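Below is entry04.cif, which holds mmCIF, C-alpha atoms and all ligand atoms.
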data_structure
#
loop_
_atom_site.label_atom_id
_atom_site.label_comp_id
_atom_site.auth_asym_id
_atom_site.auth_seq_id
_atom_site.Cartn_x
_atom_site.Cartn_y
_atom_site.Cartn_z
CA MET A 16 87.44 -46.77 296.63
CA ALA A 17 87.96 -48.92 299.73
CA LYS A 18 89.64 -47.18 302.60
CA ARG A 19 93.19 -48.36 303.07
CA ASP A 20 93.73 -50.38 306.16
CA TYR A 21 97.21 -49.61 307.33
CA THR A 22 97.16 -52.42 309.87
CA ASP A 23 97.48 -54.76 306.85
CA GLU A 24 100.85 -53.28 306.00
CA PRO A 25 103.16 -54.49 308.68
CA LYS A 26 106.27 -53.58 306.67
CA HIS A 27 105.35 -49.89 306.72
CA ALA A 28 104.77 -50.00 310.43
CA GLU A 29 107.87 -52.11 310.98
CA ASN A 30 110.10 -49.45 309.49
CA ARG A 31 108.75 -46.90 311.90
CA ARG A 32 109.00 -48.89 315.13
CA ALA A 33 111.48 -48.19 317.86
CA ASP A 34 115.02 -49.01 316.84
CA SER A 35 115.65 -52.35 318.55
CA ARG A 36 119.41 -51.84 318.50
CA TYR A 37 119.15 -48.88 320.87
CA VAL A 38 116.00 -49.38 322.97
CA GLU A 39 118.15 -50.22 325.99
CA SER A 40 120.60 -47.38 325.43
CA ASP A 41 120.99 -44.13 327.26
CA LEU A 42 119.05 -41.16 325.89
CA ALA A 43 122.24 -39.46 324.68
CA THR A 44 123.24 -42.56 322.74
CA GLN A 45 119.73 -42.92 321.36
CA CYS A 46 119.84 -39.30 320.16
CA LEU A 47 123.03 -40.08 318.29
CA HIS A 48 122.28 -43.45 316.76
CA ALA A 49 118.59 -44.42 316.85
CA GLY A 50 117.03 -44.47 313.40
CA GLU A 51 120.28 -43.84 311.58
CA ARG A 52 121.65 -46.52 309.23
CA TRP A 53 118.52 -48.49 309.98
CA GLU A 54 118.88 -50.76 307.00
CA LYS A 55 120.91 -51.08 303.86
CA GLN A 56 118.93 -49.53 301.06
CA TYR A 57 116.67 -51.90 299.19
CA PHE A 58 114.66 -49.14 297.56
CA TRP A 59 115.22 -46.70 294.74
CA THR A 60 114.20 -43.10 295.08
CA SER A 61 113.15 -41.28 291.91
CA SER A 62 115.00 -38.17 293.01
CA THR A 63 118.53 -38.61 294.33
CA PRO A 64 118.62 -37.97 298.09
CA ILE A 65 120.93 -35.39 299.62
CA HIS A 66 123.63 -37.41 301.34
CA ASN A 67 124.98 -35.03 303.94
CA SER A 68 127.01 -37.66 305.76
CA THR A 69 130.66 -36.62 305.80
CA THR A 70 131.91 -40.15 306.26
CA TYR A 71 130.94 -43.71 305.37
CA PHE A 72 131.42 -47.01 307.08
CA TYR A 73 131.37 -50.62 305.88
CA ASP A 74 130.74 -54.12 307.20
CA SER A 75 134.40 -54.80 307.82
CA ALA A 76 137.76 -53.09 308.02
CA GLN A 77 138.67 -54.89 304.80
CA GLU A 78 135.67 -53.34 303.01
CA LEU A 79 136.69 -49.88 304.15
CA ASP A 80 140.29 -50.57 303.13
CA ASP A 81 139.08 -51.55 299.64
CA ARG A 82 137.39 -48.16 299.30
CA VAL A 83 140.29 -46.17 300.74
CA TYR A 84 142.66 -47.83 298.26
CA CYS A 85 140.12 -47.54 295.42
CA ARG A 86 139.94 -51.30 294.87
CA LYS A 87 136.17 -50.96 295.03
CA PRO A 88 133.95 -48.01 294.19
CA GLY A 89 132.44 -46.26 297.17
CA TYR A 90 132.81 -43.34 299.52
CA VAL A 91 135.09 -42.67 302.43
CA TYR A 92 134.91 -38.96 303.27
CA SER A 93 132.79 -36.36 301.57
CA ARG A 94 135.69 -34.15 300.47
CA SER A 95 136.37 -36.78 297.83
CA GLY A 96 132.72 -37.16 296.88
CA SER A 97 129.24 -38.24 297.89
CA PRO A 98 126.47 -40.22 296.19
CA THR A 99 124.61 -36.94 295.51
CA ASN A 100 127.68 -35.48 293.80
CA THR A 101 128.08 -38.70 291.84
CA ALA A 102 124.56 -38.35 290.44
CA LEU A 103 125.38 -34.86 289.19
CA GLU A 104 128.77 -36.00 287.87
CA ARG A 105 127.20 -38.84 285.92
CA ALA A 106 124.60 -36.47 284.51
CA LEU A 107 127.21 -33.94 283.39
CA SER A 108 129.48 -36.60 281.86
CA THR A 109 126.48 -37.81 279.91
CA LEU A 110 125.50 -34.33 278.74
CA GLU A 111 129.06 -33.39 277.73
CA GLY A 112 129.81 -36.71 276.00
CA ALA A 113 132.77 -37.01 278.40
CA GLU A 114 134.08 -40.10 280.15
CA VAL A 115 134.23 -38.65 283.66
CA THR A 116 133.36 -35.49 285.58
CA HIS A 117 134.21 -34.06 288.98
CA VAL A 118 131.99 -31.39 290.41
CA CYS A 119 133.50 -28.71 292.61
CA ALA A 120 132.65 -25.65 294.64
CA SER A 121 132.43 -23.03 291.86
CA GLY A 122 133.24 -22.30 288.24
CA MET A 123 136.47 -20.61 289.35
CA ALA A 124 137.43 -23.74 291.31
CA ALA A 125 136.75 -25.75 288.14
CA SER A 126 139.01 -23.58 285.98
CA HIS A 127 141.72 -23.69 288.64
CA LEU A 128 141.50 -27.49 288.98
CA ALA A 129 141.51 -27.99 285.21
CA LEU A 130 144.62 -25.81 284.81
CA LEU A 131 146.48 -27.60 287.60
CA THR A 132 145.46 -31.04 286.32
CA ALA A 133 146.41 -30.15 282.75
CA GLY A 134 149.93 -29.40 283.93
CA ALA A 135 150.09 -25.62 284.39
CA GLY A 136 152.96 -25.21 286.83
CA LYS A 137 156.61 -24.29 287.02
CA ASP A 138 157.91 -23.22 283.59
CA GLN A 139 154.82 -24.63 281.89
CA LEU A 140 153.26 -21.89 279.78
CA ILE A 141 149.52 -21.18 279.76
CA LEU A 142 148.21 -19.67 276.53
CA CYS A 143 144.82 -18.16 277.27
CA SER A 144 142.26 -16.26 275.26
CA SER A 145 142.29 -12.63 276.41
CA ASP A 146 138.49 -12.50 276.23
CA VAL A 147 137.64 -14.68 279.21
CA TYR A 148 135.79 -14.21 282.48
CA GLY A 149 137.59 -11.45 284.47
CA SER A 150 138.63 -13.62 287.43
CA VAL A 151 140.03 -16.28 285.07
CA TYR A 152 141.98 -13.53 283.30
CA THR A 153 143.43 -12.37 286.63
CA MET A 154 144.16 -15.93 287.78
CA VAL A 155 146.09 -16.69 284.60
CA GLU A 156 147.78 -13.30 284.44
CA ASN A 157 148.75 -13.00 288.13
CA ILE A 158 148.28 -16.12 290.21
CA PHE A 159 149.76 -18.82 287.99
CA PRO A 160 152.89 -16.76 287.24
CA HIS A 161 153.44 -16.59 291.03
CA LEU A 162 153.43 -20.40 290.99
CA GLY A 163 156.05 -20.31 288.24
CA ALA A 164 153.69 -20.85 285.30
CA PRO A 165 154.16 -18.05 282.77
CA SER A 166 151.16 -16.96 280.74
CA ILE A 167 150.25 -15.27 277.50
CA LEU A 168 146.77 -13.82 276.95
CA MET A 169 145.78 -13.08 273.35
CA ASP A 170 142.88 -12.88 270.90
CA PHE A 171 141.98 -16.38 269.69
CA THR A 172 139.87 -15.32 266.70
CA ASP A 173 142.91 -14.75 264.43
CA LEU A 174 143.94 -18.34 263.78
CA ASN A 175 147.12 -17.41 261.89
CA LYS A 176 148.46 -15.29 264.74
CA LEU A 177 147.42 -17.97 267.19
CA GLU A 178 149.29 -20.66 265.27
CA ASP A 179 152.42 -18.49 265.08
CA THR A 180 152.29 -18.06 268.87
CA ILE A 181 151.64 -21.73 269.62
CA LYS A 182 154.47 -22.78 267.29
CA ARG A 183 156.89 -20.28 268.81
CA GLU A 184 155.97 -20.46 272.50
CA LYS A 185 155.06 -24.16 272.81
CA PRO A 186 152.43 -23.75 275.56
CA LYS A 187 151.73 -26.62 277.93
CA VAL A 188 148.07 -25.61 278.24
CA VAL A 189 145.69 -23.75 275.93
CA TYR A 190 142.56 -22.30 277.60
CA PHE A 191 139.56 -20.57 276.04
CA GLU A 192 135.81 -19.95 276.19
CA VAL A 193 133.97 -20.81 272.96
CA VAL A 194 131.64 -17.84 273.19
CA THR A 195 133.67 -15.33 275.09
CA ASN A 196 132.76 -13.37 278.19
CA PRO A 197 131.79 -10.58 277.78
CA MET A 198 132.28 -9.80 274.06
CA THR A 199 130.53 -12.91 272.67
CA LYS A 200 133.33 -13.54 270.16
CA VAL A 201 133.08 -17.06 268.79
CA ILE A 202 136.27 -19.10 268.85
CA ASP A 203 136.57 -21.81 266.20
CA ALA A 204 136.89 -24.51 268.86
CA PRO A 205 137.53 -27.54 266.58
CA ALA A 206 140.27 -25.64 264.69
CA VAL A 207 141.97 -24.32 267.86
CA ILE A 208 141.88 -27.74 269.54
CA GLU A 209 143.36 -29.45 266.48
CA MET A 210 146.08 -26.80 266.22
CA ALA A 211 146.98 -26.95 269.92
CA HIS A 212 147.22 -30.75 269.79
CA ARG A 213 149.43 -30.58 266.71
CA TYR A 214 151.98 -28.69 268.81
CA GLY A 215 151.60 -30.89 271.89
CA ALA A 216 149.44 -28.68 274.11
CA THR A 217 146.62 -29.80 276.38
CA VAL A 218 143.34 -28.00 275.76
CA ILE A 219 140.83 -26.73 278.33
CA VAL A 220 137.53 -25.33 277.12
CA ASP A 221 135.20 -23.34 279.36
CA ASN A 222 131.79 -24.32 278.02
CA THR A 223 129.76 -22.13 280.40
CA PHE A 224 128.28 -19.78 277.77
CA THR A 225 127.81 -22.41 275.07
CA THR A 226 126.75 -25.39 277.18
CA PRO A 227 126.27 -28.86 275.66
CA TYR A 228 123.07 -27.47 274.11
CA LEU A 229 125.28 -25.71 271.52
CA LEU A 230 128.54 -27.63 271.57
CA LYS A 231 130.22 -30.61 273.23
CA PRO A 232 133.92 -29.70 273.23
CA VAL A 233 135.05 -33.23 274.17
CA GLU A 234 133.47 -34.49 270.94
CA VAL A 235 135.74 -32.14 268.99
CA GLY A 236 138.81 -33.21 270.95
CA ALA A 237 139.05 -31.00 274.07
CA ASP A 238 141.02 -32.63 276.88
CA PHE A 239 139.17 -30.86 279.70
CA VAL A 240 135.82 -29.09 279.73
CA CYS A 241 134.97 -26.86 282.63
CA HIS A 242 131.77 -25.14 283.64
CA SER A 243 130.40 -22.66 286.00
CA VAL A 244 127.46 -24.96 286.75
CA SER A 245 126.05 -21.96 288.66
CA LYS A 246 124.93 -20.60 285.28
CA PHE A 247 122.85 -22.26 282.54
CA LEU A 248 123.17 -25.84 283.77
CA ALA A 249 121.66 -25.17 287.21
CA GLY A 250 119.79 -22.19 285.82
CA HIS A 251 117.91 -20.72 288.78
CA GLY A 252 120.43 -18.43 290.43
CA ASP A 253 120.33 -20.37 293.67
CA VAL A 254 123.50 -22.43 293.68
CA LEU A 255 127.24 -21.98 293.18
CA ALA A 256 128.91 -24.98 291.54
CA GLY A 257 131.53 -25.96 288.98
CA SER A 258 132.56 -29.03 287.01
CA VAL A 259 135.51 -30.47 285.14
CA SER A 260 134.92 -33.22 282.60
CA CYS A 261 137.73 -35.19 281.00
CA TYR A 262 138.93 -38.60 279.82
CA ARG A 263 139.35 -41.50 282.19
CA LYS A 264 143.14 -41.40 281.71
CA ASP A 265 143.30 -37.97 283.42
CA PHE A 266 140.79 -38.71 286.15
CA ASP A 267 143.15 -39.91 288.89
CA LYS A 268 145.11 -36.70 288.63
CA LEU A 269 141.94 -34.61 288.69
CA HIS A 270 140.61 -36.59 291.65
CA ASP A 271 143.86 -36.18 293.62
CA MET A 272 143.90 -32.46 292.82
CA LEU A 273 140.33 -32.08 294.05
CA ILE A 274 141.11 -33.84 297.31
CA GLN A 275 144.32 -31.88 297.92
CA VAL A 276 142.82 -28.50 296.98
CA GLY A 277 139.65 -29.37 298.89
CA CYS A 278 137.20 -27.47 296.71
CA THR A 279 134.58 -30.26 296.66
CA LEU A 280 130.95 -29.39 296.03
CA GLY A 281 128.58 -29.81 298.97
CA PRO A 282 125.78 -32.38 298.50
CA ASN A 283 123.04 -29.77 299.02
CA GLU A 284 124.45 -27.75 296.13
CA ALA A 285 124.83 -30.88 294.00
CA TRP A 286 121.17 -31.66 294.59
CA LEU A 287 120.05 -28.15 293.61
CA ALA A 288 122.14 -28.29 290.45
CA LEU A 289 120.76 -31.73 289.63
CA ARG A 290 117.22 -30.48 290.04
CA GLY A 291 117.91 -27.39 287.91
CA LEU A 292 119.32 -29.62 285.20
CA LYS A 293 115.94 -31.31 284.66
CA THR A 294 114.60 -28.30 282.76
CA PHE A 295 117.89 -27.39 281.05
CA THR A 296 116.82 -27.97 277.43
CA LEU A 297 113.40 -26.33 277.93
CA ARG A 298 115.08 -23.28 279.39
CA MET A 299 117.76 -23.15 276.70
CA GLU A 300 115.25 -23.44 273.88
CA ARG A 301 113.28 -20.48 275.21
CA GLN A 302 116.33 -18.43 276.23
CA CYS A 303 118.05 -18.83 272.85
CA ALA A 304 114.85 -17.88 270.99
CA ASN A 305 114.36 -14.83 273.23
CA ALA A 306 118.02 -13.80 272.84
CA LEU A 307 117.78 -13.75 269.06
CA LYS A 308 114.66 -11.57 269.22
CA VAL A 309 116.24 -9.20 271.77
CA ALA A 310 119.37 -8.93 269.59
CA GLN A 311 117.28 -8.15 266.49
CA PHE A 312 115.28 -5.57 268.44
CA LEU A 313 118.40 -3.83 269.77
CA GLU A 314 120.11 -3.89 266.37
CA SER A 315 117.27 -1.85 264.91
CA HIS A 316 117.09 0.56 267.89
CA PRO A 317 118.29 4.12 267.14
CA LEU A 318 119.94 4.58 270.57
CA ILE A 319 122.10 1.48 270.22
CA GLU A 320 125.51 1.71 268.60
CA LYS A 321 126.41 -1.95 268.28
CA VAL A 322 125.00 -5.39 269.06
CA ARG A 323 127.12 -8.51 269.28
CA TYR A 324 125.16 -11.76 269.17
CA ALA A 325 126.49 -14.84 267.39
CA GLY A 326 123.06 -15.48 265.81
CA LEU A 327 123.02 -12.15 263.93
CA PRO A 328 124.48 -12.19 260.41
CA SER A 329 126.32 -8.95 261.38
CA HIS A 330 128.36 -10.81 264.04
CA PRO A 331 131.97 -11.18 262.79
CA GLN A 332 132.02 -14.92 263.57
CA HIS A 333 128.43 -15.70 262.61
CA GLU A 334 129.51 -18.24 259.96
CA THR A 335 131.87 -19.97 262.40
CA ALA A 336 129.06 -20.13 264.96
CA ARG A 337 126.66 -21.54 262.38
CA ARG A 338 129.12 -24.25 261.46
CA ILE A 339 130.21 -25.33 264.93
CA PHE A 340 126.84 -25.01 266.67
CA GLY A 341 124.99 -26.41 263.66
CA ALA A 342 126.82 -29.69 264.03
CA GLN A 343 125.24 -30.13 267.47
CA SER A 344 121.72 -29.03 266.58
CA GLY A 345 120.42 -32.15 264.77
CA ASP A 346 117.03 -31.43 263.21
CA ARG A 347 116.50 -28.01 264.72
CA PRO A 348 118.08 -24.84 263.30
CA PRO A 349 121.39 -23.91 264.99
CA GLN A 350 121.02 -22.06 268.28
CA TYR A 351 123.43 -19.32 269.33
CA GLY A 352 122.98 -19.16 273.08
CA ALA A 353 121.40 -16.65 275.41
CA MET A 354 124.31 -14.22 275.88
CA LEU A 355 124.54 -10.98 273.98
CA ASN A 356 126.47 -7.78 274.24
CA PHE A 357 125.66 -4.23 273.14
CA ASP A 358 126.94 -0.67 273.25
CA ILE A 359 124.65 2.26 274.00
CA ALA A 360 125.54 5.23 271.77
CA ASP A 361 127.48 8.10 273.45
CA CYS A 362 127.48 6.38 276.81
CA ASP A 363 129.69 7.31 279.75
CA LYS A 364 129.56 5.79 283.24
CA ASP A 365 126.76 8.09 284.46
CA LYS A 366 124.54 7.31 281.49
CA ALA A 367 125.28 3.60 281.93
CA PHE A 368 124.16 3.80 285.57
CA ARG A 369 121.00 5.76 284.61
CA PHE A 370 120.14 3.04 282.08
CA LEU A 371 120.62 0.26 284.64
CA ASP A 372 118.58 2.15 287.26
CA ALA A 373 115.74 2.68 284.78
CA LEU A 374 115.26 -1.01 284.03
CA GLN A 375 112.10 -2.36 285.64
CA LEU A 376 112.15 -6.04 284.73
CA ILE A 377 115.68 -6.97 283.66
CA LEU A 378 117.86 -7.36 286.74
CA PRO A 379 121.19 -5.53 286.87
CA ALA A 380 123.13 -8.35 288.52
CA THR A 381 126.49 -9.97 287.98
CA THR A 382 125.63 -13.56 287.23
CA LEU A 383 124.23 -15.08 284.02
CA GLY A 384 122.37 -18.10 282.71
CA ASP A 385 119.42 -17.79 285.07
CA ILE A 386 115.77 -18.02 284.10
CA TYR A 387 115.59 -14.25 284.74
CA SER A 388 117.12 -11.77 282.32
CA LEU A 389 120.23 -10.22 283.82
CA ILE A 390 122.44 -7.36 282.74
CA VAL A 391 125.82 -5.88 283.73
CA ASN A 392 128.27 -3.30 282.47
CA PRO A 393 131.45 -5.40 282.54
CA ALA A 394 133.82 -2.44 282.95
CA ARG A 395 132.34 -1.82 286.42
CA THR A 396 131.63 -5.39 287.47
CA THR A 397 132.83 -8.65 285.95
CA HIS A 398 135.95 -7.13 284.37
CA ARG A 399 136.72 -4.37 286.88
CA GLN A 400 140.12 -5.99 287.66
CA LEU A 401 141.37 -5.10 284.16
CA SER A 402 143.24 -1.87 283.48
CA GLU A 403 141.83 0.81 281.15
CA GLU A 404 144.21 -0.35 278.40
CA GLU A 405 143.26 -4.00 278.85
CA LEU A 406 139.54 -3.14 278.69
CA THR A 407 140.03 -1.05 275.55
CA ALA A 408 142.08 -3.81 273.92
CA ILE A 409 139.19 -6.24 274.44
CA GLY A 410 136.61 -3.68 273.28
CA ILE A 411 134.88 -3.05 276.61
CA GLY A 412 133.81 0.58 277.01
CA PRO A 413 131.74 2.36 279.68
CA GLY A 414 128.63 1.90 277.51
CA THR A 415 129.16 -1.82 276.89
CA PHE A 416 126.56 -4.14 278.44
CA ARG A 417 126.41 -7.91 278.72
CA MET A 418 122.94 -9.35 278.80
CA SER A 419 121.89 -12.86 279.75
CA VAL A 420 118.43 -13.39 278.31
CA GLY A 421 115.88 -15.25 280.41
CA ILE A 422 112.56 -16.93 279.79
CA GLU A 423 110.28 -13.89 280.23
CA ASN A 424 107.72 -12.87 277.65
CA ILE A 425 109.68 -11.34 274.76
CA GLU A 426 107.44 -8.28 274.41
CA ASP A 427 107.98 -7.44 278.10
CA LEU A 428 111.75 -7.63 277.62
CA LYS A 429 111.69 -5.35 274.55
CA GLU A 430 109.43 -2.86 276.31
CA ASP A 431 111.72 -2.72 279.35
CA LEU A 432 114.86 -2.13 277.26
CA ASP A 433 113.10 0.51 275.16
CA GLN A 434 111.78 2.55 278.10
CA ALA A 435 115.16 2.44 279.91
CA LEU A 436 117.02 3.52 276.76
CA LYS A 437 114.65 6.45 276.31
CA VAL A 438 114.99 7.80 279.85
CA CYS A 439 118.74 7.46 280.24
C1 LIG B 501 132.52 -18.10 281.55
C2 LIG B 501 132.67 -18.18 283.04
N1 LIG B 501 133.51 -19.10 283.54
C3 LIG B 501 133.68 -19.21 284.88
C4 LIG B 501 133.02 -18.39 285.76
C5 LIG B 501 133.22 -18.55 287.24
O1 LIG B 501 132.12 -19.21 287.78
P1 LIG B 501 131.68 -19.15 289.33
O2 LIG B 501 131.09 -17.80 289.55
O3 LIG B 501 130.69 -20.27 289.46
O4 LIG B 501 132.92 -19.35 290.14
C6 LIG B 501 132.13 -17.44 285.28
C7 LIG B 501 131.42 -16.55 286.21
O5 LIG B 501 130.69 -15.65 285.82
C8 LIG B 501 131.96 -17.31 283.87
O6 LIG B 501 131.15 -16.40 283.34
#
What is this file in structure tokens?
Amino acid sequence: MAKRDYTDEPKHAENRRADSRYVESDLATQCLHAGERWEKQYFWTSSTPIHNSTTYFYDSAQELDDRVYCRKPGYVYSRSGSPTNTALERALSTLEGAEVTHVCASGMAASHLALLTAGAGKDQLILCSSDVYGSVYTMVENIFPHLGAPSILMDFTDLNKLEDTIKREKPKVVYFEVVTNPMTKVIDAPAVIEMAHRYGATVIVDNTFTTPYLLKPVEVGADFVCHSVSKFLAGHGDVLAGSVSCYRKDFDKLHDMLIQVGCTLGPNEAWLALRGLKTFTLRMERQCANALKVAQFLESHPLIEKVRYAGLPSHPQHETARRIFGAQSGDRPPQYGAMLNFDIADCDKDKAFRFLDALQLILPATTLGDIYSLIVNPARTTHRQLSEEELTAIGIGPGTFRMSVGIENIEDLKEDLDQALKVC
């Protein structure tokens, strides 16, 4: 092959020459401005760049004014968004089948924003599933009532009781996770959404455990879908992020709320999440397959008292899961996610700690959805804010474990669980 002669490519060299706008300037000025904003983009990058600029400027005051007053799309200040965030937002809207998405600083920020945007506020009741992520439970039980929004937390698997409550209490907002954290109960999302709408409530679904790989709540009528993007969507345990997807009609309110609350996602985090997203379906395919095999292995293990995994026929809502996740699965068999829950027989806190300490491969750590398998005992970690009575009511005991199954070799996972169960 002929050697490339770079002298024939003046354009390449041109781009790298001294910045003519500042050659006469003082060194301090050059440090600030030379090279920056060197040309309006005429190229496309295959990977979205990280736009760390906090502000944006335009050719004229009128152009800027058009952006400030939203007459034209664009960016003004990065608290209200950046092109990197937009790329992630467009990706998530597409994945969720939603019209619009805002990304924000964490999954908790997303739940908070969704509740505020949906109208939770003075004298506006929140009806929330009692089996939700611990910090969401506390936020709904304690923080919103301080803002004047009363709340009721209850089991959402009994549809008759739920309908009685919705009819009687007339909630403004109904909030639930489809596969619940940590007990992996499966809520009949289409039925709950239809029921809540019949009585005039706005519905928020946390789709973190299920992800659009199993279910797209907007397609079955949810008004808002929120995510801890930190989990399966980003998938690598290296970024904290959240998202709220909704219909265009609610977007202005969501956008204003994001700006006023100020919980915008940083562009570096948006980029990491966007990169993680590239392998989302590959990871989910492997993680769901591994989870089913781990659940089957644990169910037949003599030292295990109970396994809860939506893909096992023994799971109380297995048929519901098959129906609602089957609708999303197209040609492949329904998948049931990568989260499972089990009880070790005769297990107190000390035995639980011995089990966690004995694990060699599976990481005892509080997050979920990563490529690595992760495990926690919710009573001591994710749900530690709940009282003894509240934990018992949900079914969380000292020997209850929540496992997020990763992409490791399945035999290695089984071996690790088996050896830790035997020594504890
Ligand atoms: C179902 C669910 N929703 C929301 C959150 C909160 O997400 P983040 O940790 O990104 O704030 C979590 C965290 O574990 C979760 O499991």
**Proximity to ligand LIG 501 (chain B) - best of A:Ile359, A:Ala256, A:Ala304, A:Met299, all atoms listed in the file** =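 Between A:Ile359, A:Ala256, A:Ala304, A:Met299, the residue approaching ligand LIG 501 (chain B) most closely is A:Ala256.
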**Request:** Within 12 Å of Gly252 in chain A, counting all atoms listed in the file, which residues show up once you throw out same-chain ones fewer than 5 positions away? Write them as a list of chain:residue names, please.
**Result:** A:Ser243, A:Val244, A:Ser245, A:Lys246, A:Phe247, A:Glu284, A:Leu287, A:Ala288, A:Gly291, A:Leu378, A:Ala380, A:Thr381, A:Thr382, A:Leu383, A:Gly384, A:Asp385, A:Ile386, A:Tyr387, A:Ser388, A:Leu389, A:Gly421
Could those residues be written to a file, using C-alpha atoms, as a PDB file, in the frame of the given file?
ATOM      1  CA  SER A 243     130.400 -22.660 286.000  1.00  0.00           C
ATOM      2  CA  VAL A 244     127.460 -24.960 286.750  1.00  0.00           C
ATOM      3  CA  SER A 245     126.050 -21.960 288.660  1.00  0.00           C
ATOM      4  CA  LYS A 246     124.930 -20.600 285.280  1.00  0.00           C
ATOM      5  CA  PHE A 247     122.850 -22.260 282.540  1.00  0.00           C
ATOM      6  CA  GLU A 284     124.450 -27.750 296.130  1.00  0.00           C
ATOM      7  CA  LEU A 287     120.050 -28.150 293.610  1.00  0.00           C
ATOM      8  CA  ALA A 288     122.140 -28.290 290.450  1.00  0.00           C
ATOM      9  CA  GLY A 291     117.910 -27.390 287.910  1.00  0.00           C
ATOM     10  CA  LEU A 378     117.860  -7.360 286.740  1.00  0.00           C
ATOM     11  CA  ALA A 380     123.130  -8.350 288.520  1.00  0.00           C
ATOM     12  CA  THR A 381     126.490  -9.970 287.980  1.00  0.00           C
ATOM     13  CA  THR A 382     125.630 -13.560 287.230  1.00  0.00           C
ATOM     14  CA  LEU A 383     124.230 -15.080 284.020  1.00  0.00           C
ATOM     15  CA  GLY A 384     122.370 -18.100 282.710  1.00  0.00           C
ATOM     16  CA  ASP A 385     119.420 -17.790 285.070  1.00  0.00           C
ATOM     17  CA  ILE A 386     115.770 -18.020 284.100  1.00  0.00           C
ATOM     18  CA  TYR A 387     115.590 -14.250 284.740  1.00  0.00           C
ATOM     19  CA  SER A 388     117.120 -11.770 282.320  1.00  0.00           C
ATOM     20  CA  LEU A 389     120.230 -10.220 283.820  1.00  0.00           C
ATOM     21  CA  GLY A 421     115.880 -15.250 280.410  1.00  0.00           C
TER      22      GLY A 421
END
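For Ala129 in chain A, the non-local neighbours within 9 Å, defined as residues at least 3 positions apart in the same chain or in other chains and counting all atoms listed in the file, are Ala124, Ala125, Ser126, Thr132, Ala133, Gly134, Ala135, Ile219, Phe239, Val240, Cys241, Val259, Ser260 and Leu269 of chain A.
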**Request:** Considering only C-alpha atoms, return as a PyMOL selection string whatever protein or nucleic-acid residues lie within 8 Å of Leu229 in chain A, sequence-local ones (same chain, fewer than 3 positions apart) excluded.
**Result:** chain A and resi 225-226+340-341+343-344+349-352
Go ahead and dump the residues you just picked, C-alpha atoms, as a short mmCIF file (atom, residue, chain, number, x, y, z; two decimals), in the coordinates of the input.
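This went into part-v5.cif:
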data_model
loop_
_atom_site.label_atom_id
_atom_site.label_comp_id
_atom_site.auth_asym_id
_atom_site.auth_seq_id
_atom_site.Cartn_x
_atom_site.Cartn_y
_atom_site.Cartn_z
CA THR A 225 127.81 -22.41 275.07
CA THR A 226 126.75 -25.39 277.18
CA PHE A 340 126.84 -25.01 266.67
CA GLY A 341 124.99 -26.41 263.66
CA GLN A 343 125.24 -30.13 267.47
CA SER A 344 121.72 -29.03 266.58
CA PRO A 349 121.39 -23.91 264.99
CA GLN A 350 121.02 -22.06 268.28
CA TYR A 351 123.43 -19.32 269.33
CA GLY A 352 122.98 -19.16 273.08
#
**Message:** I'd like the interatomic distance between CA of Tyr71 in chain A and CA of Cys119 in chain A, to a tenth of an Å.
**Reply:** 19.9 Å
**Request:** Name the closest residue to ligand LIG 501 (chain B) among the candidates A:Pro348, A:Pro393, A:Gly50, A:Gly122; distances are taken between atoms, counting all atoms listed in the file.
**Result:**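 With all atoms listed in the file as the atom set, the closest residue is A:Gly122.
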**Prompt:** Of the candidates A:Glu104, A:Asp253, A:Glu404, A:Asp138, which shows the shortest atom-to-atom distance to ligand LIG 501 (chain B), using all atoms listed in the file?
**Reply:**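 Between A:Glu104, A:Asp253, A:Glu404, A:Asp138, the residue approaching ligand LIG 501 (chain B) most closely is A:Asp253.
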Would you kindly place N, CA and C atoms on range 137-144 of chain A and return the model as a PDB file, keeping the file's coordinate frame?
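Result written to part39.pdb:
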ATOM      1  N   LYS A 137     155.306 -24.932 287.220  1.00  0.00           N
ATOM      2  CA  LYS A 137     156.610 -24.290 287.020  1.00  0.00           C
ATOM      3  C   LYS A 137     157.108 -24.442 285.572  1.00  0.00           C
ATOM      4  N   ASP A 138     157.363 -23.301 284.965  1.00  0.00           N
ATOM      5  CA  ASP A 138     157.910 -23.220 283.590  1.00  0.00           C
ATOM      6  C   ASP A 138     157.008 -23.857 282.536  1.00  0.00           C
ATOM      7  N   GLN A 139     155.758 -24.043 282.868  1.00  0.00           N
ATOM      8  CA  GLN A 139     154.820 -24.630 281.890  1.00  0.00           C
ATOM      9  C   GLN A 139     153.837 -23.530 281.476  1.00  0.00           C
ATOM     10  N   LEU A 140     153.986 -23.075 280.256  1.00  0.00           N
ATOM     11  CA  LEU A 140     153.260 -21.890 279.780  1.00  0.00           C
ATOM     12  C   LEU A 140     151.758 -22.149 279.596  1.00  0.00           C
ATOM     13  N   ILE A 141     150.958 -21.171 280.047  1.00  0.00           N
ATOM     14  CA  ILE A 141     149.520 -21.180 279.760  1.00  0.00           C
ATOM     15  C   ILE A 141     149.259 -20.163 278.662  1.00  0.00           C
ATOM     16  N   LEU A 142     148.635 -20.603 277.583  1.00  0.00           N
ATOM     17  CA  LEU A 142     148.210 -19.670 276.530  1.00  0.00           C
ATOM     18  C   LEU A 142     146.697 -19.557 276.637  1.00  0.00           C
ATOM     19  N   CYS A 143     146.239 -18.339 276.942  1.00  0.00           N
ATOM     20  CA  CYS A 143     144.820 -18.160 277.270  1.00  0.00           C
ATOM     21  C   CYS A 143     144.208 -17.083 276.387  1.00  0.00           C
ATOM     22  N   SER A 144     142.985 -17.298 275.991  1.00  0.00           N
ATOM     23  CA  SER A 144     142.260 -16.260 275.260  1.00  0.00           C
ATOM     24  C   SER A 144     142.142 -15.034 276.164  1.00  0.00           C
TER      25      SER A 144
END
